[in-house]
>>> print(open('coords.pdb').read())   # PDB, C-alpha atoms, pLDDT in the B column
ATOM      1  CA  ILE A   8       7.232 -10.089  -7.659  1.00 60.00           C
ATOM      2  CA  LEU A   9       5.506 -11.469 -10.769  1.00 70.00           C
ATOM      3  CA  ASN A  10       5.662  -9.287 -13.877  1.00 89.00           C
ATOM      4  CA  VAL A  11       2.067  -9.032 -15.094  1.00 95.00           C
ATOM      5  CA  GLU A  12       1.409  -6.864 -18.132  1.00 96.00           C
ATOM      6  CA  GLN A  13      -1.831  -5.629 -19.649  1.00 97.00           C
ATOM      7  CA  SER A  14      -2.515  -4.113 -23.040  1.00 97.00           C
ATOM      8  CA  PRO A  15      -3.717  -1.800 -24.227  1.00 97.00           C
ATOM      9  CA  GLN A  16      -3.467   0.708 -21.387  1.00 96.00           C
ATOM     10  CA  SER A  17      -6.762   2.261 -22.463  1.00 96.00           C
ATOM     11  CA  LEU A  18      -9.349   1.924 -25.159  1.00 97.00           C
ATOM     12  CA  HIS A  19     -12.521   3.631 -26.312  1.00 97.00           C
ATOM     13  CA  VAL A  20     -15.444   1.570 -27.546  1.00 97.00           C
ATOM     14  CA  GLN A  21     -18.679   2.612 -29.209  1.00 97.00           C
ATOM     15  CA  GLU A  22     -21.796   1.435 -27.405  1.00 97.00           C
ATOM     16  CA  GLY A  23     -22.900  -1.886 -28.839  1.00 97.00           C
ATOM     17  CA  ASP A  24     -19.453  -2.850 -30.116  1.00 97.00           C
ATOM     18  CA  SER A  25     -17.469  -5.752 -28.707  1.00 97.00           C
ATOM     19  CA  THR A  26     -13.902  -5.518 -27.504  1.00 97.00           C
ATOM     20  CA  ASN A  27     -11.143  -7.542 -25.911  1.00 97.00           C
ATOM     21  CA  PHE A  28      -7.817  -6.961 -24.215  1.00 97.00           C
ATOM     22  CA  THR A  29      -4.874  -8.956 -22.958  1.00 98.00           C
ATOM     23  CA  CYS A  30      -3.122  -9.930 -19.769  1.00 98.00           C
ATOM     24  CA  SER A  31       0.274 -11.633 -20.008  1.00 97.00           C
ATOM     25  CA  PHE A  32       2.131 -13.213 -17.100  1.00 95.00           C
ATOM     26  CA  PRO A  33       4.993 -15.579 -16.287  1.00 92.00           C
ATOM     27  CA  SER A  34       3.822 -19.122 -17.046  1.00 90.00           C
ATOM     28  CA  SER A  35       6.163 -20.915 -14.647  1.00 88.00           C
ATOM     29  CA  ASN A  36       4.723 -22.150 -11.335  1.00 87.00           C
ATOM     30  CA  PHE A  37       1.281 -20.908 -12.308  1.00 89.00           C
ATOM     31  CA  TYR A  38      -1.482 -21.185  -9.698  1.00 89.00           C
ATOM     32  CA  ALA A  39      -4.360 -18.845 -10.567  1.00 92.00           C
ATOM     33  CA  LEU A  40      -5.281 -15.729 -12.515  1.00 95.00           C
ATOM     34  CA  HIS A  41      -7.819 -13.178 -11.308  1.00 95.00           C
ATOM     35  CA  TRP A  42      -9.761 -10.536 -13.224  1.00 97.00           C
ATOM     36  CA  TYR A  43     -11.251  -7.505 -11.472  1.00 96.00           C
ATOM     37  CA  ARG A  44     -13.355  -4.558 -12.603  1.00 97.00           C
ATOM     38  CA  TRP A  45     -12.603  -1.291 -10.805  1.00 96.00           C
ATOM     39  CA  GLU A  46     -14.876   1.692 -11.101  1.00 95.00           C
ATOM     40  CA  THR A  47     -13.884   5.056  -9.670  1.00 88.00           C
ATOM     41  CA  ALA A  48     -14.652   5.446  -5.951  1.00 87.00           C
ATOM     42  CA  LYS A  49     -15.762   1.810  -5.650  1.00 93.00           C
ATOM     43  CA  SER A  50     -14.146  -1.423  -4.515  1.00 93.00           C
ATOM     44  CA  PRO A  51     -12.469  -3.552  -7.165  1.00 94.00           C
ATOM     45  CA  GLU A  52     -15.105  -6.143  -8.097  1.00 93.00           C
ATOM     46  CA  ALA A  53     -13.979  -9.723  -8.593  1.00 92.00           C
ATOM     47  CA  LEU A  54     -14.996 -11.032 -12.023  1.00 94.00           C
ATOM     48  CA  PHE A  55     -13.197 -14.350 -12.475  1.00 93.00           C
ATOM     49  CA  VAL A  56     -10.690 -16.675 -10.868  1.00 92.00           C
ATOM     50  CA  MET A  57      -9.136 -19.026 -13.402  1.00 93.00           C
ATOM     51  CA  THR A  58      -6.807 -21.920 -12.727  1.00 91.00           C
ATOM     52  CA  LEU A  59      -6.748 -24.444 -15.573  1.00 91.00           C
ATOM     53  CA  ASN A  60      -5.198 -24.117 -19.009  1.00 92.00           C
ATOM     54  CA  GLY A  61      -8.039 -23.638 -21.494  1.00 92.00           C
ATOM     55  CA  ASP A  62     -10.415 -22.304 -18.813  1.00 93.00           C
ATOM     56  CA  GLU A  63     -13.221 -20.146 -20.112  1.00 96.00           C
ATOM     57  CA  LYS A  64     -15.406 -18.180 -17.725  1.00 96.00           C
ATOM     58  CA  LYS A  65     -18.462 -16.051 -18.469  1.00 97.00           C
ATOM     59  CA  LYS A  66     -20.456 -13.502 -16.478  1.00 94.00           C
ATOM     60  CA  GLY A  67     -23.208 -11.851 -18.470  1.00 95.00           C
ATOM     61  CA  ARG A  68     -21.627 -10.134 -21.473  1.00 97.00           C
ATOM     62  CA  ILE A  69     -18.096 -10.499 -20.099  1.00 98.00           C
ATOM     63  CA  SER A  70     -15.992 -13.591 -20.640  1.00 98.00           C
ATOM     64  CA  ALA A  71     -12.371 -14.604 -20.208  1.00 98.00           C
ATOM     65  CA  THR A  72     -10.024 -17.277 -21.494  1.00 98.00           C
ATOM     66  CA  LEU A  73      -6.788 -18.584 -20.063  1.00 97.00           C
ATOM     67  CA  ASN A  74      -3.637 -20.054 -21.606  1.00 97.00           C
ATOM     68  CA  THR A  75      -1.243 -21.048 -18.839  1.00 95.00           C
ATOM     69  CA  LYS A  76       1.339 -22.622 -21.141  1.00 95.00           C
ATOM     70  CA  GLU A  77       2.045 -19.423 -23.037  1.00 95.00           C
ATOM     71  CA  GLY A  78       1.095 -17.112 -20.162  1.00 95.00           C
ATOM     72  CA  TYR A  79      -1.818 -15.018 -21.342  1.00 96.00           C
ATOM     73  CA  SER A  80      -5.497 -14.364 -20.720  1.00 98.00           C
ATOM     74  CA  TYR A  81      -8.058 -12.458 -22.770  1.00 98.00           C
ATOM     75  CA  LEU A  82     -11.058 -10.583 -21.416  1.00 98.00           C
ATOM     76  CA  TYR A  83     -13.949 -10.047 -23.817  1.00 98.00           C
ATOM     77  CA  ILE A  84     -16.844  -7.611 -23.532  1.00 98.00           C
ATOM     78  CA  LYS A  85     -19.704  -8.314 -25.917  1.00 98.00           C
ATOM     79  CA  GLY A  86     -22.070  -5.515 -26.921  1.00 97.00           C
ATOM     80  CA  SER A  87     -20.409  -2.870 -24.718  1.00 97.00           C
ATOM     81  CA  GLN A  88     -22.646  -0.649 -22.610  1.00 97.00           C
ATOM     82  CA  PRO A  89     -21.785   2.626 -20.830  1.00 95.00           C
ATOM     83  CA  GLU A  90     -21.880   0.794 -17.483  1.00 95.00           C
ATOM     84  CA  ASP A  91     -18.960  -1.333 -18.679  1.00 97.00           C
ATOM     85  CA  SER A  92     -16.725   1.740 -18.430  1.00 97.00           C
ATOM     86  CA  ALA A  93     -14.117   0.882 -15.808  1.00 97.00           C
ATOM     87  CA  THR A  94     -10.530  -0.209 -15.346  1.00 97.00           C
ATOM     88  CA  TYR A  95     -10.075  -3.948 -15.741  1.00 98.00           C
ATOM     89  CA  LEU A  96      -7.259  -5.465 -13.715  1.00 97.00           C
ATOM     90  CA  CYS A  97      -5.708  -8.881 -13.955  1.00 97.00           C
ATOM     91  CA  ALA A  98      -3.545 -10.398 -11.250  1.00 95.00           C
ATOM     92  CA  ARG A  99      -1.574 -13.588 -10.804  1.00 94.00           C
ATOM     93  CA  THR A 100      -1.696 -15.309  -7.437  1.00 89.00           C
ATOM     94  CA  ASN A 101       1.454 -16.198  -5.594  1.00 76.00           C
ATOM     95  CA  ASP A 102       0.746 -17.688  -2.158  1.00 77.00           C
ATOM     96  CA  TYR A 103      -2.455 -15.608  -1.787  1.00 81.00           C
ATOM     97  CA  LYS A 104      -0.564 -12.466  -2.732  1.00 88.00           C
ATOM     98  CA  LEU A 105      -1.795 -10.807  -5.903  1.00 92.00           C
ATOM     99  CA  SER A 106       0.600  -9.340  -8.452  1.00 93.00           C
ATOM    100  CA  PHE A 107      -1.402  -6.926 -10.573  1.00 95.00           C
ATOM    101  CA  GLY A 108      -1.008  -5.546 -14.026  1.00 96.00           C
ATOM    102  CA  ALA A 109      -1.455  -1.815 -14.541  1.00 95.00           C
ATOM    103  CA  GLY A 110      -4.954  -2.315 -15.929  1.00 96.00           C
ATOM    104  CA  THR A 111      -6.869  -1.561 -19.102  1.00 97.00           C
ATOM    105  CA  THR A 112      -9.199   1.415 -18.824  1.00 97.00           C
ATOM    106  CA  VAL A 113     -12.290   0.980 -20.976  1.00 98.00           C
ATOM    107  CA  THR A 114     -14.478   3.939 -21.922  1.00 97.00           C
ATOM    108  CA  VAL A 115     -17.743   3.130 -23.668  1.00 97.00           C
ATOM    109  CA  ARG A 116     -19.174   6.001 -25.699  1.00 95.00           C
ATOM    110  CA  ALA A 117     -22.934   6.241 -26.059  1.00 89.00           C
TER     111      ALA A 117
ATOM    112  CA  SER B  21     -18.571 -12.445  -0.135  1.00 70.00           C
ATOM    113  CA  ALA B  22     -17.153 -10.269   2.638  1.00 78.00           C
ATOM    114  CA  VAL B  23     -18.283  -6.662   3.034  1.00 88.00           C
ATOM    115  CA  ILE B  24     -15.338  -4.382   3.730  1.00 93.00           C
ATOM    116  CA  SER B  25     -15.371  -0.736   4.787  1.00 95.00           C
ATOM    117  CA  GLN B  26     -12.501   1.706   5.058  1.00 97.00           C
ATOM    118  CA  LYS B  27     -12.088   5.001   6.876  1.00 97.00           C
ATOM    119  CA  PRO B  28     -11.400   7.667   5.833  1.00 97.00           C
ATOM    120  CA  SER B  29     -12.522   7.402   2.214  1.00 96.00           C
ATOM    121  CA  ARG B  30     -10.193  10.257   1.295  1.00 97.00           C
ATOM    122  CA  ASP B  31      -7.924  12.799   2.947  1.00 98.00           C
ATOM    123  CA  ILE B  32      -5.564  15.631   2.166  1.00 98.00           C
ATOM    124  CA  CYS B  33      -2.573  15.784   4.493  1.00 97.00           C
ATOM    125  CA  GLN B  34       0.485  17.915   5.021  1.00 97.00           C
ATOM    126  CA  ARG B  35       3.934  16.429   4.555  1.00 97.00           C
ATOM    127  CA  GLY B  36       5.549  15.208   7.739  1.00 97.00           C
ATOM    128  CA  THR B  37       2.257  14.156   9.342  1.00 98.00           C
ATOM    129  CA  SER B  38       0.834  10.646   9.740  1.00 98.00           C
ATOM    130  CA  LEU B  39      -2.520   9.147   8.798  1.00 98.00           C
ATOM    131  CA  THR B  40      -4.116   5.964  10.122  1.00 98.00           C
ATOM    132  CA  ILE B  41      -6.482   4.093   7.809  1.00 98.00           C
ATOM    133  CA  GLN B  42      -8.998   1.663   9.252  1.00 98.00           C
ATOM    134  CA  CYS B  43     -10.334  -1.483   7.601  1.00 98.00           C
ATOM    135  CA  GLN B  44     -13.408  -3.252   8.997  1.00 97.00           C
ATOM    136  CA  VAL B  45     -14.788  -6.567   7.716  1.00 94.00           C
ATOM    137  CA  ASP B  46     -18.291  -7.870   8.437  1.00 92.00           C
ATOM    138  CA  SER B  47     -17.067 -11.404   9.164  1.00 89.00           C
ATOM    139  CA  GLN B  48     -13.994 -13.087  10.582  1.00 89.00           C
ATOM    140  CA  VAL B  49     -11.355 -13.689   7.938  1.00 88.00           C
ATOM    141  CA  THR B  50      -8.059 -15.455   8.105  1.00 84.00           C
ATOM    142  CA  MET B  51      -5.953 -13.225   5.914  1.00 87.00           C
ATOM    143  CA  MET B  52      -5.911  -9.469   5.431  1.00 93.00           C
ATOM    144  CA  PHE B  53      -3.672  -7.482   3.142  1.00 96.00           C
ATOM    145  CA  TRP B  54      -2.837  -3.853   2.461  1.00 98.00           C
ATOM    146  CA  TYR B  55      -2.200  -2.595  -1.074  1.00 97.00           C
ATOM    147  CA  ARG B  56      -1.535   0.784  -2.587  1.00 97.00           C
ATOM    148  CA  GLN B  57      -1.806   2.239  -6.072  1.00 95.00           C
ATOM    149  CA  GLN B  58       0.366   5.210  -6.820  1.00 96.00           C
ATOM    150  CA  PRO B  59      -0.747   7.400  -9.740  1.00 92.00           C
ATOM    151  CA  GLY B  60      -0.205   5.557 -13.037  1.00 88.00           C
ATOM    152  CA  GLN B  61       1.114   2.445 -11.301  1.00 91.00           C
ATOM    153  CA  SER B  62      -0.158  -1.057 -10.576  1.00 92.00           C
ATOM    154  CA  LEU B  63      -1.796  -2.078  -7.349  1.00 95.00           C
ATOM    155  CA  THR B  64       1.120  -3.168  -5.178  1.00 96.00           C
ATOM    156  CA  LEU B  65       1.089  -5.286  -2.028  1.00 96.00           C
ATOM    157  CA  ILE B  66       2.465  -3.483   1.035  1.00 97.00           C
ATOM    158  CA  ALA B  67       2.087  -6.189   3.669  1.00 97.00           C
ATOM    159  CA  THR B  68       0.101  -9.062   5.091  1.00 95.00           C
ATOM    160  CA  ALA B  69      -1.632  -8.116   8.357  1.00 95.00           C
ATOM    161  CA  ASN B  70      -1.243 -10.989  10.813  1.00 89.00           C
ATOM    162  CA  GLN B  71      -3.665 -11.296  13.707  1.00 89.00           C
ATOM    163  CA  GLY B  72      -1.855 -11.036  17.008  1.00 84.00           C
ATOM    164  CA  SER B  73       1.632 -10.688  15.548  1.00 86.00           C
ATOM    165  CA  GLU B  74       3.767  -8.364  13.477  1.00 90.00           C
ATOM    166  CA  ALA B  75       2.796  -7.784   9.858  1.00 94.00           C
ATOM    167  CA  THR B  76       4.816  -9.339   7.041  1.00 95.00           C
ATOM    168  CA  TYR B  77       6.148  -6.637   4.713  1.00 97.00           C
ATOM    169  CA  GLU B  78       6.969  -6.915   1.030  1.00 95.00           C
ATOM    170  CA  SER B  79      10.258  -5.783  -0.407  1.00 94.00           C
ATOM    171  CA  GLY B  80      10.511  -2.015  -0.366  1.00 95.00           C
ATOM    172  CA  PHE B  81       8.104  -1.497   2.540  1.00 97.00           C
ATOM    173  CA  VAL B  82       9.130  -1.214   6.197  1.00 96.00           C
ATOM    174  CA  ILE B  83       7.336  -1.212   9.522  1.00 96.00           C
ATOM    175  CA  ASP B  84       8.584   2.220  10.564  1.00 97.00           C
ATOM    176  CA  LYS B  85       6.962   3.803   7.514  1.00 98.00           C
ATOM    177  CA  PHE B  86       3.805   1.656   7.382  1.00 98.00           C
ATOM    178  CA  PRO B  87       3.000   0.295  10.866  1.00 97.00           C
ATOM    179  CA  ILE B  88       0.088  -2.134  10.775  1.00 97.00           C
ATOM    180  CA  SER B  89      -2.123  -3.440  13.554  1.00 95.00           C
ATOM    181  CA  ARG B  90      -4.524  -6.354  13.493  1.00 96.00           C
ATOM    182  CA  PRO B  91      -6.047  -6.853  16.930  1.00 94.00           C
ATOM    183  CA  ASN B  92      -8.713  -9.365  15.795  1.00 93.00           C
ATOM    184  CA  LEU B  93     -10.023 -11.242  12.755  1.00 92.00           C
ATOM    185  CA  THR B  94     -12.296  -8.422  11.538  1.00 94.00           C
ATOM    186  CA  PHE B  95     -10.220  -5.253  11.878  1.00 96.00           C
ATOM    187  CA  SER B  96      -6.874  -3.802  10.815  1.00 97.00           C
ATOM    188  CA  THR B  97      -5.208  -0.408  10.577  1.00 97.00           C
ATOM    189  CA  LEU B  98      -2.449   0.905   8.340  1.00 98.00           C
ATOM    190  CA  THR B  99      -0.562   4.053   9.301  1.00 98.00           C
ATOM    191  CA  VAL B 100       1.299   6.077   6.716  1.00 98.00           C
ATOM    192  CA  SER B 101       4.004   7.798   8.744  1.00 98.00           C
ATOM    193  CA  ASN B 102       5.965  10.977   8.128  1.00 98.00           C
ATOM    194  CA  MET B 103       4.197  11.475   4.822  1.00 98.00           C
ATOM    195  CA  SER B 104       5.711  12.943   1.676  1.00 97.00           C
ATOM    196  CA  PRO B 105       4.031  13.734  -1.650  1.00 97.00           C
ATOM    197  CA  GLU B 106       5.266  10.356  -2.959  1.00 96.00           C
ATOM    198  CA  ASP B 107       2.846   8.694  -0.522  1.00 98.00           C
ATOM    199  CA  SER B 108      -0.118  10.125  -2.438  1.00 98.00           C
ATOM    200  CA  SER B 109      -1.930   6.949  -3.456  1.00 97.00           C
ATOM    201  CA  ILE B 110      -5.064   4.898  -3.121  1.00 97.00           C
ATOM    202  CA  TYR B 111      -4.682   2.509  -0.186  1.00 98.00           C
ATOM    203  CA  LEU B 112      -6.843  -0.618  -0.153  1.00 98.00           C
ATOM    204  CA  CYS B 113      -7.305  -3.435   2.277  1.00 97.00           C
ATOM    205  CA  SER B 114      -8.308  -6.873   1.095  1.00 95.00           C
ATOM    206  CA  VAL B 115      -9.337 -10.151   2.672  1.00 93.00           C
ATOM    207  CA  VAL B 116      -9.309 -13.825   1.746  1.00 86.00           C
ATOM    208  CA  ASP B 117     -10.414 -16.823   3.737  1.00 69.00           C
ATOM    209  CA  PRO B 118      -8.472 -19.898   2.596  1.00 59.00           C
ATOM    210  CA  SER B 119     -10.107 -22.104   5.227  1.00 55.00           C
ATOM    211  CA  ARG B 120     -12.813 -23.001   2.740  1.00 53.00           C
ATOM    212  CA  GLY B 121     -10.212 -24.592   0.494  1.00 53.00           C
ATOM    213  CA  GLY B 122      -9.480 -24.159  -3.199  1.00 59.00           C
ATOM    214  CA  VAL B 123      -8.572 -20.956  -4.960  1.00 67.00           C
ATOM    215  CA  GLU B 124     -10.151 -18.119  -3.060  1.00 77.00           C
ATOM    216  CA  THR B 125     -11.327 -14.797  -4.401  1.00 83.00           C
ATOM    217  CA  GLN B 126      -9.738 -11.826  -2.699  1.00 89.00           C
ATOM    218  CA  TYR B 127     -12.196  -9.083  -1.769  1.00 91.00           C
ATOM    219  CA  PHE B 128     -11.264  -5.422  -1.560  1.00 94.00           C
ATOM    220  CA  GLY B 129     -12.406  -2.421   0.386  1.00 95.00           C
ATOM    221  CA  PRO B 130     -13.399   0.782  -1.418  1.00 95.00           C
ATOM    222  CA  GLY B 131     -10.016   2.367  -0.828  1.00 96.00           C
ATOM    223  CA  THR B 132      -8.663   5.482   0.874  1.00 97.00           C
ATOM    224  CA  ARG B 133      -7.561   8.227  -1.490  1.00 97.00           C
ATOM    225  CA  LEU B 134      -4.677  10.114   0.042  1.00 98.00           C
ATOM    226  CA  LEU B 135      -3.166  13.325  -1.246  1.00 98.00           C
ATOM    227  CA  VAL B 136      -0.057  14.642   0.487  1.00 98.00           C
ATOM    228  CA  LEU B 137       0.824  18.284  -0.078  1.00 97.00           C
TER     229      LEU B 137
END
>>> encode(input="coords.pdb", output="structure tokens")
Amino acid sequence: ILNVEQSPQSLHVQEGDSTNFTCSFPSSNFYALHWYRWETAKSPEALFVMTLNGDEKKKGRISATLNTKEGYSYLYIKGSQPEDSATYLCARTNDYKLSFGAGTTVTVRA
Amino acid sequence: SAVISQKPSRDICQRGTSLTIQCQVDSQVTMMFWYRQQPGQSLTLIATANQGSEATYESGFVIDKFPISRPNLTFSTLTVSNMSPEDSSIYLCSVVDPSRGGVETQYFGPGTRLLVL
């Protein structure tokens, strides 16, 4: 079991503002880090898979960075919109098995 | 990406009963997994569903409580046996196909929301 932690647990953002939150994980024997977006009553949606130290990935207004040496990743949302409201999960891969953090729940207020 | 469906989407059950959750994938996949998320907790891996053989369970999960079948490469079931309120969770199946090589994205079904009274 890999101890993956996310902070904050929840946050509220005004529409149009940008925000970011953190995923920390054990840095030893690192293979890959995954980010998912999970909206209520839907499947968790894969956002990014990151493997290399210094990786930066972008999908629309959402981007992520990875530091494997110190064991953390940031997810950024630029110009938040109400449709960005969801729980964002990160997970470290261990032999195809995902160890998840508890998630950061983002609520975007119009 | 794989399209995954689960049945039922939600259920309310009485303690002591059992519920079987089905997971159907629209393409053949090598690996299938079952996860659960208890209220306020992280998504946690229950087991790896192996086609044609017994599932591989993670620490804290046993076959008698969570029997799993995987008769082919597109279908699996998870049974939650002799349920108690502590089994109230969201149960999700997921798939990954490592045959394509590299780091593979894991795709999830929409989940089954179970409430045990």
>>> closest_residue(input="coords.pdb", among="B:Leu39, B:Ala75, B:Leu63, B:Ala22", to="chain A", atoms="only C-alpha atoms")
B:Leu63
>>> resolve_selection(input="coords.pdb", expression="the PyMOL selection byres ((chain B) within 6 of (chain A))", output="count of residues only")
6
>>> closest_residue(input="coords.pdb", among="B:Val100, B:Ile24, B:Val49, B:Val82", to="Leu135 of chain B", atoms="all atoms listed in the file")
B:Val100
>>> atom_distance(input="coords.pdb", atom1="atom CA of Ser34 of chain A", atom2="atom CA of Gly78 of chain A")
4.6 Å
>>> resolve_selection(input="coords.pdb", expression="the PyMOL selection byres ((chain B and resi 107) around 9)", output="list in words")
Gln58, Val100, Met103, Ser104, Pro105, Glu106, Ser108, Ser109, Leu134, Leu135 and Val136 of chain B
>>> closest_residue(input="coords.pdb", among="B:Gln34, B:Thr50, B:Thr40, B:Ser101", to="Ser114 of chain B", atoms="only C-alpha atoms")
B:Thr50
>>> resolve_selection(input="coords.pdb", expression="the PyMOL selection byres ((chain A and resi 113) around 12)", output="VMD selection string")
chain A and resid 14 to 22 25 to 28 44 to 46 82 to 84 87 to 96 110 to 112 114 to 116
>>> residues_around(input="coords.pdb", residues="segment 88-96 of chain B", least_positions_apart="2", cutoff="12 Å", atoms="all atoms listed in the file", output="ChimeraX atom specification")
/B:22-27,39-54,66-77,81-86,98-101,112-117,129
>>> write_last_selection(input="coords.pdb", atoms="C-alpha atoms", output="PDB file, in the coordinates of the input")
ATOM      1  CA  ALA B  22     -17.153 -10.269   2.638  1.00 78.00           C
ATOM      2  CA  VAL B  23     -18.283  -6.662   3.034  1.00 88.00           C
ATOM      3  CA  ILE B  24     -15.338  -4.382   3.730  1.00 93.00           C
ATOM      4  CA  SER B  25     -15.371  -0.736   4.787  1.00 95.00           C
ATOM      5  CA  GLN B  26     -12.501   1.706   5.058  1.00 97.00           C
ATOM      6  CA  LYS B  27     -12.088   5.001   6.876  1.00 97.00           C
ATOM      7  CA  LEU B  39      -2.520   9.147   8.798  1.00 98.00           C
ATOM      8  CA  THR B  40      -4.116   5.964  10.122  1.00 98.00           C
ATOM      9  CA  ILE B  41      -6.482   4.093   7.809  1.00 98.00           C
ATOM     10  CA  GLN B  42      -8.998   1.663   9.252  1.00 98.00           C
ATOM     11  CA  CYS B  43     -10.334  -1.483   7.601  1.00 98.00           C
ATOM     12  CA  GLN B  44     -13.408  -3.252   8.997  1.00 97.00           C
ATOM     13  CA  VAL B  45     -14.788  -6.567   7.716  1.00 94.00           C
ATOM     14  CA  ASP B  46     -18.291  -7.870   8.437  1.00 92.00           C
ATOM     15  CA  SER B  47     -17.067 -11.404   9.164  1.00 89.00           C
ATOM     16  CA  GLN B  48     -13.994 -13.087  10.582  1.00 89.00           C
ATOM     17  CA  VAL B  49     -11.355 -13.689   7.938  1.00 88.00           C
ATOM     18  CA  THR B  50      -8.059 -15.455   8.105  1.00 84.00           C
ATOM     19  CA  MET B  51      -5.953 -13.225   5.914  1.00 87.00           C
ATOM     20  CA  MET B  52      -5.911  -9.469   5.431  1.00 93.00           C
ATOM     21  CA  PHE B  53      -3.672  -7.482   3.142  1.00 96.00           C
ATOM     22  CA  TRP B  54      -2.837  -3.853   2.461  1.00 98.00           C
ATOM     23  CA  ILE B  66       2.465  -3.483   1.035  1.00 97.00           C
ATOM     24  CA  ALA B  67       2.087  -6.189   3.669  1.00 97.00           C
ATOM     25  CA  THR B  68       0.101  -9.062   5.091  1.00 95.00           C
ATOM     26  CA  ALA B  69      -1.632  -8.116   8.357  1.00 95.00           C
ATOM     27  CA  ASN B  70      -1.243 -10.989  10.813  1.00 89.00           C
ATOM     28  CA  GLN B  71      -3.665 -11.296  13.707  1.00 89.00           C
ATOM     29  CA  GLY B  72      -1.855 -11.036  17.008  1.00 84.00           C
ATOM     30  CA  SER B  73       1.632 -10.688  15.548  1.00 86.00           C
ATOM     31  CA  GLU B  74       3.767  -8.364  13.477  1.00 90.00           C
ATOM     32  CA  ALA B  75       2.796  -7.784   9.858  1.00 94.00           C
ATOM     33  CA  THR B  76       4.816  -9.339   7.041  1.00 95.00           C
ATOM     34  CA  TYR B  77       6.148  -6.637   4.713  1.00 97.00           C
ATOM     35  CA  PHE B  81       8.104  -1.497   2.540  1.00 97.00           C
ATOM     36  CA  VAL B  82       9.130  -1.214   6.197  1.00 96.00           C
ATOM     37  CA  ILE B  83       7.336  -1.212   9.522  1.00 96.00           C
ATOM     38  CA  ASP B  84       8.584   2.220  10.564  1.00 97.00           C
ATOM     39  CA  LYS B  85       6.962   3.803   7.514  1.00 98.00           C
ATOM     40  CA  PHE B  86       3.805   1.656   7.382  1.00 98.00           C
ATOM     41  CA  LEU B  98      -2.449   0.905   8.340  1.00 98.00           C
ATOM     42  CA  THR B  99      -0.562   4.053   9.301  1.00 98.00           C
ATOM     43  CA  VAL B 100       1.299   6.077   6.716  1.00 98.00           C
ATOM     44  CA  SER B 101       4.004   7.798   8.744  1.00 98.00           C
ATOM     45  CA  LEU B 112      -6.843  -0.618  -0.153  1.00 98.00           C
ATOM     46  CA  CYS B 113      -7.305  -3.435   2.277  1.00 97.00           C
ATOM     47  CA  SER B 114      -8.308  -6.873   1.095  1.00 95.00           C
ATOM     48  CA  VAL B 115      -9.337 -10.151   2.672  1.00 93.00           C
ATOM     49  CA  VAL B 116      -9.309 -13.825   1.746  1.00 86.00           C
ATOM     50  CA  ASP B 117     -10.414 -16.823   3.737  1.00 69.00           C
ATOM     51  CA  GLY B 129     -12.406  -2.421   0.386  1.00 95.00           C
TER      52      GLY B 129
END
>>> axis_aligned_box(input="coords.pdb", around="segment 47-56 of chain B", padding_each_side="5 Å", output="lines of an AutoDock Vina configuration file")
center_x = -9.3
center_y = -7.3
center_z = 4.0
size_x = 25.5
size_y = 26.2
size_z = 23.2
>>> residues_near_point(input="coords.pdb", point="(-0.2, -19.4, -20.6)", cutoff="10 Å", atoms="all atoms listed in the file", output="PyMOL selection string")
chain A and resi 30-35+37+59-61+73-80
>>> atom_distance(input="coords.pdb", atom1="atom CA of Gln126 of chain B", atom2="atom CA of Ser21 of chain B")
9.2 Å
>>> atom_distance(input="coords.pdb", atom1="atom CA of Ser38 of chain B", atom2="atom CA of Asn102 of chain B")
5.4 Å
>>> closest_residue(input="coords.pdb", among="A:Arg99, A:Asn36, A:Glu63, A:Gly23", to="Gly86 of chain A", atoms="all atoms listed in the file")
A:Gly23
